[in-house]
Amino acid sequence: MVAVSTQNQALNALLFLYREVLHLEFGDLGELERPSRPARLPVVLRQEETNRLLTAMTGTFQLMAQMLYGSGMRLMECVRLRVKDLDFVASQVIVRDGKGFKDRGTILPEMVKVRLQQHLERVRLLHEKDLATGNGRVYLPLALGKKYP
C-alpha cells in the first residue's frame, strides 16, 4: 500500500505517457475511483490539559500561549503583533496580514490584559534604556531614513 499522493501521481503519469508520448487513448477505465486522503479530525486538548500546559510555561512564552489560546490567533500573528494593534478598552486585537493576507479583529482575553500591560511597560523601559546607550534603533532604507529619523 502506498500513500494517496503516490497513487494519484502514478495514475497521472500513466495518463500522460499514453496521451502525450505514445499518442494513444488510454481507454475506458470504467468507474475509476481516485483515492482520496482520509479526513482528519483536529487534535484538541482538554481544558485540564490546556491549563496544565499553560501553568508549566513561564514569562513571555506563557503570555504568548495565553494570547493564542484566548484570542484564537495563529502563532505568527501573535509574534507580529504591534502595540498599536491592541485595544485594551474595547478588549480587541487587530490582526494585520493574517491568513490570506487579510486583516481581522479578534478578542483580547481578559486573563492577559494586566500581564500584557506589564510586559509592554517592561519593554518600553528596556527600549528607552537602549536608546539612552545609543542602541535601540533600526535601519530604514533610502528616503525613509530621512523622512522618519
# chains A, B, ... in the order shown; residues from 1 in each chain; ligands from 1
>>> select_by_dssp(residues="range 88-128 of chain A", states="helix (DSSP H, G or I)", output="ChimeraX atom specification")
/A:99-101,110-128
>>> residues_around(residues="range 4-17 of chain A", least_positions_apart="5", cutoff="10 Å", atoms="only C-alpha atoms", output="PyMOL selection string")
chain A and resi 22-27+34-38
>>> atom_distance(atom1="CA of Leu86 in chain A", atom2="CA of Leu144 in chain A")
25.2 Å
>>> select_by_dssp(residues="range 25-144 of chain A", states="strand (DSSP E or B)", output="list of chain:residue names")
A:Leu86, A:Asp87, A:Gln92, A:Val93, A:Ile94, A:Val95, A:Arg104, A:Gly105, A:Thr106, A:Ile107
>>> closest_atom_pairs(of="range 86-120 of chain A", to="range 56-70 of chain A", cutoff="12 Å", atoms="only C-alpha atoms", output="tab-separated table")
residue	atom	partner	partner_atom	distance
A:Leu86	CA	A:Met67	CA	11.6
A:Ser91	CA	A:Gly70	CA	11.5
A:Gln92	CA	A:Gly70	CA	11.5
A:Val93	CA	A:Met67	CA	10.0
A:Val95	CA	A:Leu68	CA	12.0
A:Thr106	CA	A:Gly70	CA	9.6
A:Ile107	CA	A:Gly70	CA	7.7
A:Leu108	CA	A:Gly70	CA	7.3
A:Pro109	CA	A:Gly70	CA	5.3
A:Glu110	CA	A:Gly70	CA	8.5
A:Met111	CA	A:Gln66	CA	8.0
A:Val112	CA	A:Met67	CA	6.9
A:Lys113	CA	A:Met67	CA	9.5
A:Val114	CA	A:Leu63	CA	10.6
A:Arg115	CA	A:Leu63	CA	7.5
A:Leu116	CA	A:Leu63	CA	7.3
A:Gln117	CA	A:Leu63	CA	11.0
A:Gln118	CA	A:Leu63	CA	10.9
A:His119	CA	A:Thr60	CA	8.0
A:Leu120	CA	A:Thr60	CA	10.8
>>> atom_distance(atom1="CA of Ile94 in chain A", atom2="CA of Met73 in chain A")
10.1 Å
>>> atom_distance(atom1="CA of Val44 in chain A", atom2="CA of Ser71 in chain A")
15.7 Å
